[in-house]
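File shown here: model_15.csv, holding CSV, C-alpha atoms.
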chain,number,residue,atom,x,y,z
A,1,MET,CA,0.0,0.0,0.0
A,2,ASN,CA,1.2,3.4,-0.9
A,3,GLN,CA,2.5,4.9,2.4
A,4,TRP,CA,2.0,8.5,1.4
A,5,LYS,CA,-1.7,7.9,0.6
A,6,ASN,CA,-1.9,6.0,3.8
A,7,PHE,CA,-0.5,9.0,5.6
A,8,SER,CA,-2.4,11.8,3.9
A,9,LYS,CA,-5.9,10.3,3.9
A,10,GLY,CA,-6.5,11.7,7.4
A,11,PHE,CA,-6.5,15.3,6.4
A,12,ILE,CA,-9.5,15.7,4.1
A,13,LYS,CA,-10.7,12.5,2.5
A,14,GLU,CA,-11.1,10.5,5.6
A,15,SER,CA,-10.8,13.3,8.1
A,16,PRO,CA,-11.9,11.9,11.4
A,17,THR,CA,-13.5,15.1,12.4
A,18,PHE,CA,-15.1,16.5,9.3
A,19,VAL,CA,-16.1,13.3,7.5
A,20,LEU,CA,-16.2,10.4,9.9
A,21,LEU,CA,-17.5,12.6,12.8
A,22,LEU,CA,-15.5,10.8,15.4
A,23,GLY,CA,-14.0,12.3,18.6
A,24,MET,CA,-16.5,15.1,18.8
A,25,CYS,CA,-16.2,15.7,22.5
A,26,PRO,CA,-12.6,17.0,22.5
A,27,THR,CA,-13.2,18.7,19.1
A,28,LEU,CA,-15.8,20.9,20.6
A,29,GLY,CA,-14.5,21.0,24.1
A,30,VAL,CA,-11.0,22.3,23.8
A,31,THR,CA,-11.0,24.4,20.6
A,32,SER,CA,-11.6,27.8,22.3
A,33,SER,CA,-8.2,28.8,21.1
A,34,ALA,CA,-5.8,27.6,18.3
A,35,ALA,CA,-3.1,26.6,20.8
A,36,ASN,CA,-5.4,24.4,22.8
A,37,GLY,CA,-6.6,22.7,19.7
A,38,LEU,CA,-3.1,22.0,18.5
A,39,GLY,CA,-2.0,20.8,21.9
A,40,MET,CA,-4.9,18.4,22.2
A,41,GLY,CA,-4.4,17.2,18.6
A,42,LEU,CA,-0.7,16.4,19.2
A,43,ALA,CA,-1.5,14.6,22.4
A,44,THR,CA,-4.0,12.5,20.6
A,45,THR,CA,-1.6,11.9,17.7
A,46,PHE,CA,1.0,10.5,20.1
A,47,VAL,CA,-1.6,8.1,21.7
A,48,LEU,CA,-3.0,7.1,18.3
A,49,ALA,CA,0.4,6.4,16.7
A,50,MET,CA,1.8,4.5,19.6
A,51,SER,CA,-1.3,2.5,20.4
A,52,ASN,CA,-1.7,1.6,16.7
A,53,TRP,CA,1.9,0.4,16.6
A,54,VAL,CA,1.7,-1.7,19.7
A,55,VAL,CA,-1.7,-3.2,18.8
A,56,SER,CA,-0.3,-4.2,15.5
A,57,LEU,CA,2.8,-5.7,17.1
A,58,VAL,CA,0.8,-7.9,19.6
A,59,LYS,CA,-2.2,-8.5,17.4
A,60,SER,CA,-1.4,-12.2,16.9
A,61,GLN,CA,-0.9,-12.8,20.6
A,62,ILE,CA,-4.3,-11.5,21.7
A,63,PRO,CA,-7.3,-13.9,21.7
A,64,ASP,CA,-10.1,-12.6,19.6
A,65,LYS,CA,-12.7,-12.6,22.3
A,66,ILE,CA,-10.8,-10.2,24.7
A,67,ARG,CA,-9.3,-7.9,22.0
A,68,ILE,CA,-11.3,-4.8,22.8
A,69,PRO,CA,-10.5,-4.7,26.5
A,70,SER,CA,-6.8,-5.4,25.6
A,71,TYR,CA,-6.8,-2.5,23.2
A,72,ILE,CA,-8.4,-0.3,25.8
A,73,VAL,CA,-5.6,-1.2,28.3
A,74,ILE,CA,-2.9,-0.4,25.7
A,75,ILE,CA,-4.6,2.9,24.9
A,76,ALA,CA,-5.1,3.9,28.5
A,77,THR,CA,-1.4,3.2,29.2
A,78,PHE,CA,-0.3,5.7,26.6
A,79,VAL,CA,-2.9,8.2,27.7
A,80,THR,CA,-1.4,8.0,31.2
A,81,VAL,CA,2.1,8.6,29.7
A,82,VAL,CA,0.8,11.7,28.0
A,83,GLU,CA,-1.1,12.8,31.1
A,84,LEU,CA,1.9,12.6,33.4
A,85,THR,CA,4.4,14.1,30.9
A,86,MET,CA,2.2,17.0,30.2
A,87,GLN,CA,1.5,17.6,33.9
A,88,ALA,CA,5.3,17.8,34.5
A,89,TYR,CA,6.5,19.8,31.5
A,90,LEU,CA,3.4,21.8,30.2
A,91,PRO,CA,1.4,22.5,33.3
A,92,GLY,CA,-0.4,25.5,31.7
A,93,LEU,CA,-1.7,23.5,28.7
A,94,PHE,CA,-2.5,20.6,31.1
A,95,LYS,CA,-4.7,22.9,33.1
A,96,SER,CA,-6.6,24.4,30.1
A,97,LEU,CA,-7.2,21.0,28.5
A,98,GLY,CA,-8.2,19.6,31.9
A,99,LEU,CA,-10.6,16.7,31.9
A,100,PHE,CA,-10.1,16.1,28.2
A,101,ILE,CA,-6.6,14.6,28.6
A,102,PRO,CA,-7.8,11.4,30.5
A,103,LEU,CA,-10.8,11.3,28.1
A,104,ILE,CA,-8.5,10.6,25.1
A,105,VAL,CA,-9.0,7.0,26.3
A,106,VAL,CA,-12.7,7.1,25.2
A,107,ASN,CA,-12.0,9.0,22.0
A,108,CYS,CA,-13.6,6.8,19.3
A,109,ILE,CA,-10.9,7.6,16.8
A,110,VAL,CA,-8.2,5.8,18.8
A,111,LEU,CA,-10.2,2.6,19.4
A,112,GLY,CA,-11.6,2.8,15.9
A,113,ARG,CA,-8.2,2.9,14.2
A,114,ALA,CA,-6.9,0.1,16.5
A,115,GLU,CA,-9.9,-2.1,15.6
A,116,ALA,CA,-10.3,-1.1,11.9
A,117,PHE,CA,-6.7,-0.7,10.8
A,118,ALA,CA,-4.0,-1.8,13.3
A,119,SER,CA,-5.5,-5.2,14.0
A,120,LYS,CA,-5.2,-6.1,10.3
A,121,ASN,CA,-2.1,-4.4,9.1
A,122,PRO,CA,1.7,-4.6,9.7
A,123,PRO,CA,3.3,-2.4,12.4
A,124,LEU,CA,4.9,0.2,10.1
A,125,SER,CA,1.7,0.9,8.1
A,126,SER,CA,-0.2,1.1,11.4
A,127,LEU,CA,2.2,3.6,12.8
A,128,ILE,CA,1.9,5.7,9.7
A,129,ASP,CA,-1.9,5.4,9.7
A,130,GLY,CA,-2.0,6.5,13.3
A,131,LEU,CA,0.3,9.5,12.6
A,132,GLY,CA,-1.7,10.5,9.5
A,133,MET,CA,-5.0,10.3,11.3
A,134,GLY,CA,-3.7,12.0,14.3
A,135,LEU,CA,-2.2,14.9,12.4
A,136,GLY,CA,-5.5,15.1,10.4
A,137,PHE,CA,-7.3,15.4,13.7
A,138,SER,CA,-4.8,18.1,14.9
A,139,PHE,CA,-5.3,20.0,11.6
A,140,ALA,CA,-9.1,20.0,12.1
A,141,LEU,CA,-8.8,21.0,15.8
A,142,THR,CA,-6.3,23.8,15.0
A,143,LEU,CA,-8.5,25.1,12.1
A,144,LEU,CA,-11.6,25.1,14.4
A,145,GLY,CA,-9.6,26.7,17.2
A,146,SER,CA,-8.2,29.4,15.0
A,147,ILE,CA,-11.6,30.4,13.6
A,148,ARG,CA,-13.1,30.5,17.0
A,149,GLU,CA,-10.2,32.4,18.5
A,150,LEU,CA,-10.2,34.9,15.6
A,151,LEU,CA,-14.0,35.6,15.7
A,152,GLY,CA,-14.2,35.4,19.5
A,153,SER,CA,-11.1,37.4,20.7
A,154,GLY,CA,-9.5,38.8,17.5
A,155,LYS,CA,-6.4,36.7,17.9
A,156,ILE,CA,-4.8,33.6,16.4
A,157,PHE,CA,-2.2,31.8,18.6
A,158,ASN,CA,-2.4,34.8,20.9
A,159,ILE,CA,-1.3,37.3,18.2
A,160,THR,CA,-3.8,40.1,18.0
A,161,LEU,CA,-5.2,40.7,14.6
A,162,TYR,CA,-7.9,43.3,15.3
A,163,SER,CA,-9.2,45.2,18.2
A,164,GLU,CA,-11.2,43.6,21.0
A,165,ASN,CA,-14.0,46.1,20.4
A,166,TYR,CA,-15.2,44.2,17.4
A,167,VAL,CA,-15.1,40.6,18.7
A,168,MET,CA,-18.1,38.3,19.1
A,169,LEU,CA,-17.5,36.7,22.5
A,170,LEU,CA,-20.1,34.0,21.7
A,171,PHE,CA,-17.6,32.2,19.5
A,172,VAL,CA,-15.2,31.3,22.3
A,173,LEU,CA,-18.1,30.1,24.4
A,174,ALA,CA,-19.9,26.8,24.1
A,175,PRO,CA,-22.5,27.7,21.4
A,176,GLY,CA,-19.7,29.0,19.1
A,177,ALA,CA,-18.2,25.5,19.0
A,178,PHE,CA,-21.3,23.9,17.6
A,179,ILE,CA,-22.0,26.7,15.1
A,180,VAL,CA,-18.5,27.0,13.7
A,181,LEU,CA,-18.1,23.2,13.3
A,182,GLY,CA,-21.5,23.0,11.6
A,183,TYR,CA,-20.6,25.5,9.0
A,184,LEU,CA,-17.1,23.9,8.5
A,185,ILE,CA,-18.6,20.5,7.8
A,186,ALA,CA,-21.1,22.1,5.4
A,187,LEU,CA,-18.1,23.7,3.6
A,188,ILE,CA,-16.1,20.4,3.5
A,189,ASN,CA,-19.1,18.6,2.1
A,190,ARG,CA,-19.3,21.3,-0.6
A,191,ILE,CA,-15.6,20.9,-1.4
A,192,LYS,CA,-15.8,17.2,-1.6
A,193,LYS,CA,-18.7,17.3,-4.1
A,194,ALA,CA,-17.0,19.8,-6.4
B,1,MET,CA,-29.3,23.4,50.3
B,2,ASN,CA,-25.9,22.1,49.2
B,3,TYR,CA,-27.5,19.2,47.3
B,4,LEU,CA,-29.9,21.7,45.6
B,5,MET,CA,-27.0,23.7,44.4
B,6,ILE,CA,-25.3,20.6,43.0
B,7,ILE,CA,-28.5,19.6,41.2
B,8,ILE,CA,-29.2,23.0,39.6
B,9,ALA,CA,-25.5,23.5,38.7
B,10,ALA,CA,-25.3,20.1,37.0
B,11,VAL,CA,-28.7,20.0,35.2
B,12,LEU,CA,-28.9,23.6,34.0
B,13,VAL,CA,-25.9,25.8,34.5
B,14,ASN,CA,-23.1,23.4,33.6
B,15,ASN,CA,-25.2,21.1,31.4
B,16,ILE,CA,-22.9,18.2,30.7
B,17,VAL,CA,-23.7,18.0,27.0
B,18,LEU,CA,-24.2,21.6,26.0
B,19,MET,CA,-21.8,23.4,28.2
B,20,GLN,CA,-19.1,20.8,29.0
B,21,PHE,CA,-19.2,18.8,25.7
B,22,LEU,CA,-19.2,15.4,27.3
B,23,GLY,CA,-21.3,12.6,25.6
B,24,ILE,CA,-21.6,14.4,22.2
B,25,CYS,CA,-21.4,11.2,20.2
B,26,PRO,CA,-24.7,9.8,21.6
B,27,PHE,CA,-26.1,13.3,21.6
B,28,LEU,CA,-25.7,13.5,17.8
B,29,GLY,CA,-26.1,9.8,17.1
B,30,VAL,CA,-29.3,8.8,18.9
B,31,SER,CA,-31.3,12.0,18.9
B,32,LYS,CA,-33.4,11.5,15.8
B,33,ARG,CA,-36.5,10.3,17.7
B,34,ILE,CA,-37.8,11.3,21.1
B,35,SER,CA,-38.4,7.6,22.1
B,36,THR,CA,-34.8,6.5,21.5
B,37,ALA,CA,-33.6,9.6,23.2
B,38,VAL,CA,-35.6,8.7,26.3
B,39,GLY,CA,-34.2,5.1,26.2
B,40,MET,CA,-30.6,6.4,25.9
B,41,GLY,CA,-31.2,8.9,28.7
B,42,GLY,CA,-32.5,6.1,31.0
B,43,ALA,CA,-29.6,3.8,30.2
B,44,VAL,CA,-27.0,6.5,30.8
B,45,ALA,CA,-28.6,7.5,34.1
B,46,PHE,CA,-28.5,3.9,35.3
B,47,VAL,CA,-24.8,3.3,34.4
B,48,LEU,CA,-23.6,6.7,35.3
B,49,VAL,CA,-24.8,6.5,39.0
B,50,LEU,CA,-23.5,2.9,39.3
B,51,ALA,CA,-20.2,3.7,37.7
B,52,THR,CA,-19.7,6.8,39.9
B,53,LEU,CA,-20.4,4.8,43.0
B,54,VAL,CA,-18.0,2.0,42.1
B,55,THR,CA,-15.2,4.2,40.9
B,56,TYR,CA,-15.5,6.4,44.0
B,57,LEU,CA,-15.2,3.4,46.2
B,58,VAL,CA,-12.2,2.1,44.3
B,59,GLN,CA,-10.5,5.5,44.4
B,60,LYS,CA,-11.0,5.8,48.2
B,61,LEU,CA,-10.4,2.2,49.2
B,62,VAL,CA,-7.7,1.1,46.7
B,63,LEU,CA,-6.0,3.9,44.8
B,64,ASP,CA,-5.6,6.4,47.6
B,65,PRO,CA,-4.4,4.0,50.4
B,66,PHE,CA,-1.8,2.4,48.1
B,67,HIS,CA,-0.7,5.8,46.6
B,68,ILE,CA,-1.3,4.6,43.0
B,69,GLY,CA,-3.4,7.5,41.9
B,70,TYR,CA,-1.6,7.6,38.6
B,71,LEU,CA,-3.4,4.4,37.6
B,72,GLN,CA,-6.8,6.3,37.8
B,73,THR,CA,-7.4,6.5,34.1
B,74,ILE,CA,-6.6,2.8,33.4
B,75,ALA,CA,-8.5,1.6,36.5
B,76,PHE,CA,-11.6,3.7,35.8
B,77,ILE,CA,-12.0,2.8,32.2
B,78,LEU,CA,-11.7,-1.0,33.0
B,79,ILE,CA,-14.2,-0.7,35.8
B,80,ILE,CA,-16.7,1.1,33.5
B,81,ALA,CA,-16.2,-1.4,30.6
B,82,ALA,CA,-16.6,-4.4,33.0
B,83,LEU,CA,-19.6,-2.7,34.7
B,84,VAL,CA,-21.4,-2.2,31.4
B,85,GLN,CA,-21.0,-5.8,30.5
B,86,LEU,CA,-22.1,-6.9,33.9
B,87,VAL,CA,-25.2,-4.7,33.9
B,88,GLU,CA,-26.1,-6.1,30.5
B,89,ILE,CA,-25.8,-9.7,31.6
B,90,ILE,CA,-27.7,-9.1,34.8
B,91,LEU,CA,-30.5,-7.2,33.2
B,92,LYS,CA,-30.9,-9.8,30.5
B,93,LYS,CA,-31.6,-12.4,33.2
B,94,ALA,CA,-33.4,-10.4,35.9
B,95,SER,CA,-35.5,-8.0,34.0
B,96,PRO,CA,-36.0,-8.8,30.3
B,97,ALA,CA,-38.5,-5.9,29.9
B,98,LEU,CA,-36.0,-3.4,31.0
B,99,TYR,CA,-33.3,-5.1,28.9
B,100,GLN,CA,-35.5,-4.8,25.9
B,101,ALA,CA,-35.9,-1.1,26.5
B,102,LEU,CA,-32.3,-0.3,27.3
B,103,GLY,CA,-30.5,-3.2,25.6
B,104,ILE,CA,-29.3,-1.7,22.4
B,105,PHE,CA,-27.9,1.4,24.1
B,106,LEU,CA,-25.8,-0.4,26.7
B,107,PRO,CA,-22.8,-1.4,24.5
B,108,LEU,CA,-22.6,2.2,23.2
B,109,ILE,CA,-22.2,3.5,26.8
B,110,THR,CA,-18.7,2.2,27.3
B,111,THR,CA,-17.3,4.8,24.9
B,112,ASN,CA,-19.6,7.6,26.2
B,113,CYS,CA,-17.1,10.0,27.7
B,114,ALA,CA,-19.8,11.4,30.0
B,115,ILE,CA,-19.4,8.3,32.2
B,116,LEU,CA,-15.6,8.5,32.6
B,117,GLY,CA,-15.8,12.3,32.7
B,118,VAL,CA,-18.3,12.4,35.6
B,119,ALA,CA,-16.4,9.7,37.5
B,120,ILE,CA,-13.2,11.7,37.3
B,121,LEU,CA,-15.0,15.0,38.0
B,122,THR,CA,-16.5,13.5,41.2
B,123,ILE,CA,-13.0,12.8,42.5
B,124,GLN,CA,-11.6,16.1,41.3
B,125,LYS,CA,-14.3,18.1,43.0
B,126,GLU,CA,-13.7,16.2,46.3
B,127,PHE,CA,-17.3,15.3,46.9
B,128,ASN,CA,-18.2,12.9,49.6
B,129,LEU,CA,-20.1,9.7,48.5
B,130,MET,CA,-23.6,11.1,48.8
B,131,GLU,CA,-22.7,14.3,47.0
B,132,GLY,CA,-21.0,12.3,44.3
B,133,ILE,CA,-24.1,10.2,43.7
B,134,VAL,CA,-26.4,13.2,43.6
B,135,PHE,CA,-23.9,14.9,41.2
B,136,ALA,CA,-23.8,11.8,39.0
B,137,PHE,CA,-27.6,11.5,39.0
B,138,SER,CA,-28.2,15.2,38.2
B,139,ASN,CA,-25.7,15.0,35.4
B,140,ALA,CA,-27.6,12.1,34.0
B,141,VAL,CA,-30.8,14.2,34.2
B,142,GLY,CA,-29.0,17.0,32.4
B,143,PHE,CA,-27.9,14.6,29.7
B,144,ALA,CA,-31.4,13.2,29.2
B,145,LEU,CA,-32.9,16.7,29.2
B,146,ALA,CA,-30.5,18.0,26.5
B,147,LEU,CA,-31.0,14.8,24.5
B,148,VAL,CA,-34.8,14.8,24.6
B,149,LEU,CA,-35.1,18.6,23.8
B,150,PHE,CA,-32.7,18.1,20.9
B,151,ALA,CA,-34.6,15.1,19.6
B,152,GLY,CA,-37.8,17.1,19.7
B,153,ILE,CA,-36.3,19.8,17.6
B,154,ARG,CA,-34.8,17.4,15.2
B,155,GLU,CA,-38.2,15.7,14.7
B,156,HIS,CA,-39.6,19.0,13.6
B,157,LEU,CA,-36.5,19.8,11.5
B,158,ASP,CA,-37.1,16.7,9.4
B,159,LEU,CA,-40.2,18.4,8.0
B,160,GLN,CA,-38.5,21.6,7.1
B,161,ASN,CA,-36.8,22.6,3.9
B,162,VAL,CA,-33.1,22.8,4.8
B,163,PRO,CA,-30.6,24.2,2.3
B,164,ASN,CA,-28.8,21.3,0.5
B,165,GLY,CA,-25.3,21.9,1.9
B,166,LEU,CA,-26.6,22.1,5.5
B,167,LYS,CA,-28.6,18.9,5.4
B,168,GLY,CA,-27.8,16.3,8.0
B,169,THR,CA,-25.0,16.9,10.5
B,170,PRO,CA,-24.3,20.6,9.8
B,171,ILE,CA,-27.8,21.8,10.6
B,172,ALA,CA,-27.9,19.4,13.6
B,173,LEU,CA,-24.7,21.1,15.0
B,174,ILE,CA,-26.1,24.6,14.4
B,175,THR,CA,-29.3,23.7,16.1
B,176,ALA,CA,-27.3,22.4,19.1
B,177,GLY,CA,-25.4,25.7,19.1
B,178,ILE,CA,-28.7,27.6,19.4
B,179,LEU,CA,-29.8,25.2,22.2
B,180,ALA,CA,-26.5,25.9,24.0
B,181,MET,CA,-27.2,29.6,23.6
B,182,ALA,CA,-30.5,29.1,25.4
B,183,PHE,CA,-28.8,27.2,28.2
B,184,MET,CA,-26.4,30.1,28.6
B,185,GLY,CA,-29.3,32.0,30.0
B,186,PHE,CA,-29.1,29.9,33.1
B,187,SER,CA,-25.5,30.9,33.9
B,188,GLY,CA,-26.5,33.5,36.5
B,189,LEU,CA,-28.5,31.0,38.6
B,190,VAL,CA,-25.8,29.6,40.9
I need this file expressed as structure tokens, please.
Amino acid sequence: MNQWKNFSKGFIKESPTFVLLLGMCPTLGVTSSAANGLGMGLATTFVLAMSNWVVSLVKSQIPDKIRIPSYIVIIATFVTVVELTMQAYLPGLFKSLGLFIPLIVVNCIVLGRAEAFASKNPPLSSLIDGLGMGLGFSFALTLLGSIRELLGSGKIFNITLYSENYVMLLFVLAPGAFIVLGYLIALINRIKKA
Amino acid sequence: MNYLMIIIAAVLVNNIVLMQFLGICPFLGVSKRISTAVGMGGAVAFVLVLATLVTYLVQKLVLDPFHIGYLQTIAFILIIAALVQLVEIILKKASPALYQALGIFLPLITTNCAILGVAILTIQKEFNLMEGIVFAFSNAVGFALALVLFAGIREHLDLQNVPNGLKGTPIALITAGILAMAFMGFSGLV
């Protein structure tokens, strides 16, 4: 299988966020700024790539009946690694992402890729698939975060682009998340049809 | 008074779906009919209270005394997954009627982040056991409320003429946004 295609499908064609609609909770929950979106995306990418790789390595050892619980333990292990590392080195980001870091465990993208891809493919392809899907997810989160931050506070990555007198605070609050994502999906549907 | 505050805060002010974005997958997935929304709400309430109770006890009796708090994520998700299986098996035997009503929703609940989220929040907020259970139950009520309201709107939306590009998920998300705006009106309550 063409590894480049395998890597790049996560961005638009099989984008977990815009097309498959997986992992909606962190997508909506942490994207109040571009930096939060990127941080969450990269944390998920690490978990996704590593758990895909390990699942693919041990797939022949795991009896079929208990494969899902085994995958969950593997995933939870890497989530704990991310959680403790981030708490130690990036306490600011850890605090603003809060509850959503342990919740990577129940992100359907991670378990979905382990079950749909890693359990059937060799380790290298699985690692690349995990990286691609994860970066596609990061891309979607950063895009959503940038739009919300721009509309809601006039900044992107904390760089002020216009005065705070013209911002619509609504977009960094909860309703803005739903509305921006709704219009983004409509736009992606339109691009895919054309 | 304390309990009342917890209930109002969890059901209306910090609604778990619309304000905290937990359990969005079932919120978007099973909200096409009011009847399925009610079923899902019931199943979540049942598992949420049970899971919070068990994870709370495990945290206080096992993780804390042995200083292995860093295993929280792994321990909780395994407990929840096992618990959902157990509830399914017991319900099938003990109450076939209830199983019929909740059955198809139970497997979906393991990956519902509201369950793990509330279990962790209960520990983080340092509630005692009774407060934790009240907190879990009111979150379940908040979840069911959002789900049923949203399903009601979507039933009506089916009959409307929606622009082509917005059909399906986009209009559902925008509707949810407006519903979230309505819930923001409660933010001064507590």
Once you count all atoms listed in the file, what closest atom pair and distance in Å to one decimal does each residue of chain B within 6 Å of chain A have, with rows by chain and rising residue number, as JSON lines?
{"residue": "B:Met19", "atom": "CA", "partner": "A:Ala174", "partner_atom": "CA", "distance": 5.7}
{"residue": "B:Phe21", "atom": "CA", "partner": "A:Cys25", "partner_atom": "CA", "distance": 5.4}
{"residue": "B:Leu22", "atom": "CA", "partner": "A:Cys25", "partner_atom": "CA", "distance": 5.7}
{"residue": "B:Ile24", "atom": "CA", "partner": "A:Cys25", "partner_atom": "CA", "distance": 5.6}
{"residue": "B:Ile74", "atom": "CA", "partner": "A:Ala76", "partner_atom": "CA", "distance": 5.2}
{"residue": "B:Thr111", "atom": "CA", "partner": "A:Val106", "partner_atom": "CA", "distance": 5.2}
{"residue": "B:Cys113", "atom": "CA", "partner": "A:Val106", "partner_atom": "CA", "distance": 5.8}
{"residue": "B:Gly165", "atom": "CA", "partner": "A:Ala186", "partner_atom": "CA", "distance": 5.5}
{"residue": "B:Leu166", "atom": "CA", "partner": "A:Ala186", "partner_atom": "CA", "distance": 5.5}
{"residue": "B:Pro170", "atom": "CA", "partner": "A:Gly182", "partner_atom": "CA", "distance": 4.1}
{"residue": "B:Leu173", "atom": "CA", "partner": "A:Gly182", "partner_atom": "CA", "distance": 5.0}
{"residue": "B:Ile174", "atom": "CA", "partner": "A:Ile179", "partner_atom": "CA", "distance": 4.7}
{"residue": "B:Gly177", "atom": "CA", "partner": "A:Pro175", "partner_atom": "CA", "distance": 4.2}
{"residue": "B:Ala180", "atom": "CA", "partner": "A:Pro175", "partner_atom": "CA", "distance": 5.1}
{"residue": "B:Met181", "atom": "CA", "partner": "A:Pro175", "partner_atom": "CA", "distance": 5.5}
Q. Could you name the residues that touch Leu12 in chain B at 10 Å or less, counting all atoms listed in the file, but leaving out those on the same chain fewer than 2 positions away, as a list in words?
A. Ile7, Ile8, Ala9, Ala10, Asn14, Asn15, Ile16, Leu18, Met19, Ser138, Asn139, Val141, Gly142, Leu145, Ala146, Phe183, Met184, Gly185, Phe186, Ser187, Leu189 and Val190 of chain B
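For the pair CA of Phe105 in chain B and CA of Gly39 in chain B, the separation is 7.6 Å.
Interatomic distance, CA of Ile178 in chain B to CA of Val17 in chain B: 13.2 Å.
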Q: In Å, rounded to a single decimal, give me how far CA of Phe150 in chain B is from CA of Ala119 in chain B.
A: 24.7 Å
Q) Which residues, written as a count of residues only, have at least one atom at most 6 Å from Ser56 in chain A, with only C-alpha atoms counted and residues fewer than 3 positions away on the same chain left out? A) 5
Please build the interface table for range 69-179 of chain B against range 47-60 of chain B with a cut-off of 7 Å, listing for each qualifying residue the nearest atom pair and the distance in Å to one decimal; count all atoms listed in the file, order rows by chain and increasing number, and write it as CSV.
residue,atom,partner,partner_atom,distance
B:Phe76,CA,B:Thr55,CA,6.3
B:Ile80,CA,B:Ala51,CA,6.1
B:Ile115,CA,B:Leu48,CA,5.5
B:Ala119,CA,B:Thr52,CA,5.0
B:Ile133,CA,B:Val49,CA,6.0
B:Ala136,CA,B:Val49,CA,5.4
B:Phe137,CA,B:Val49,CA,5.7
B:Ala140,CA,B:Leu48,CA,6.8
Expected file contents, prior selection, C-alpha atoms, as an mmCIF file, in the frame of the given file:
data_model
loop_
_atom_site.group_PDB
_atom_site.id
_atom_site.type_symbol
_atom_site.label_atom_id
_atom_site.label_comp_id
_atom_site.auth_asym_id
_atom_site.auth_seq_id
_atom_site.Cartn_x
_atom_site.Cartn_y
_atom_site.Cartn_z
ATOM 1 C CA PHE B 76 -11.600 3.700 35.800
ATOM 2 C CA ILE B 80 -16.700 1.100 33.500
ATOM 3 C CA ILE B 115 -19.400 8.300 32.200
ATOM 4 C CA ALA B 119 -16.400 9.700 37.500
ATOM 5 C CA ILE B 133 -24.100 10.200 43.700
ATOM 6 C CA ALA B 136 -23.800 11.800 39.000
ATOM 7 C CA PHE B 137 -27.600 11.500 39.000
ATOM 8 C CA ALA B 140 -27.600 12.100 34.000
#
Can I get range 150-154 of chain B with all heavy atoms filled in, as a short mmCIF file (atom, residue, chain, number, x, y, z; two decimals), keeping the file's coordinate frame?
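Result went into result.cif, see below:
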data_model
loop_
_atom_site.label_atom_id
_atom_site.label_comp_id
_atom_site.auth_asym_id
_atom_site.auth_seq_id
_atom_site.Cartn_x
_atom_site.Cartn_y
_atom_site.Cartn_z
N PHE B 150 -33.33 18.11 22.21
CA PHE B 150 -32.70 18.10 20.90
C PHE B 150 -33.43 17.20 19.94
O PHE B 150 -33.66 17.55 18.77
CB PHE B 150 -31.23 17.70 21.07
CG PHE B 150 -30.39 17.90 19.86
CD1 PHE B 150 -30.37 19.13 19.21
CD2 PHE B 150 -29.61 16.87 19.37
CE1 PHE B 150 -29.57 19.32 18.09
CE2 PHE B 150 -28.82 17.06 18.25
CZ PHE B 150 -28.80 18.28 17.60
N ALA B 151 -33.84 16.02 20.44
CA ALA B 151 -34.60 15.10 19.60
C ALA B 151 -35.90 15.69 19.15
O ALA B 151 -36.31 15.53 17.98
CB ALA B 151 -34.80 13.77 20.34
N GLY B 152 -36.56 16.41 20.06
CA GLY B 152 -37.80 17.10 19.70
C GLY B 152 -37.63 18.06 18.59
O GLY B 152 -38.42 18.11 17.63
N ILE B 153 -36.55 18.86 18.69
CA ILE B 153 -36.30 19.80 17.60
C ILE B 153 -35.98 19.15 16.33
O ILE B 153 -36.46 19.54 15.27
CB ILE B 153 -35.12 20.76 18.05
CG1 ILE B 153 -35.45 21.51 19.33
CG2 ILE B 153 -34.81 21.74 16.94
CD1 ILE B 153 -34.32 22.34 19.86
N ARG B 154 -35.18 18.06 16.41
CA ARG B 154 -34.80 17.40 15.20
C ARG B 154 -35.99 16.72 14.48
O ARG B 154 -36.03 16.65 13.26
CB ARG B 154 -33.71 16.34 15.45
CG ARG B 154 -32.35 16.96 15.57
CD ARG B 154 -31.30 15.92 15.73
NE ARG B 154 -30.74 15.54 14.43
CZ ARG B 154 -29.68 14.72 14.31
NH1 ARG B 154 -29.13 14.21 15.39
NH2 ARG B 154 -29.20 14.42 13.14
#
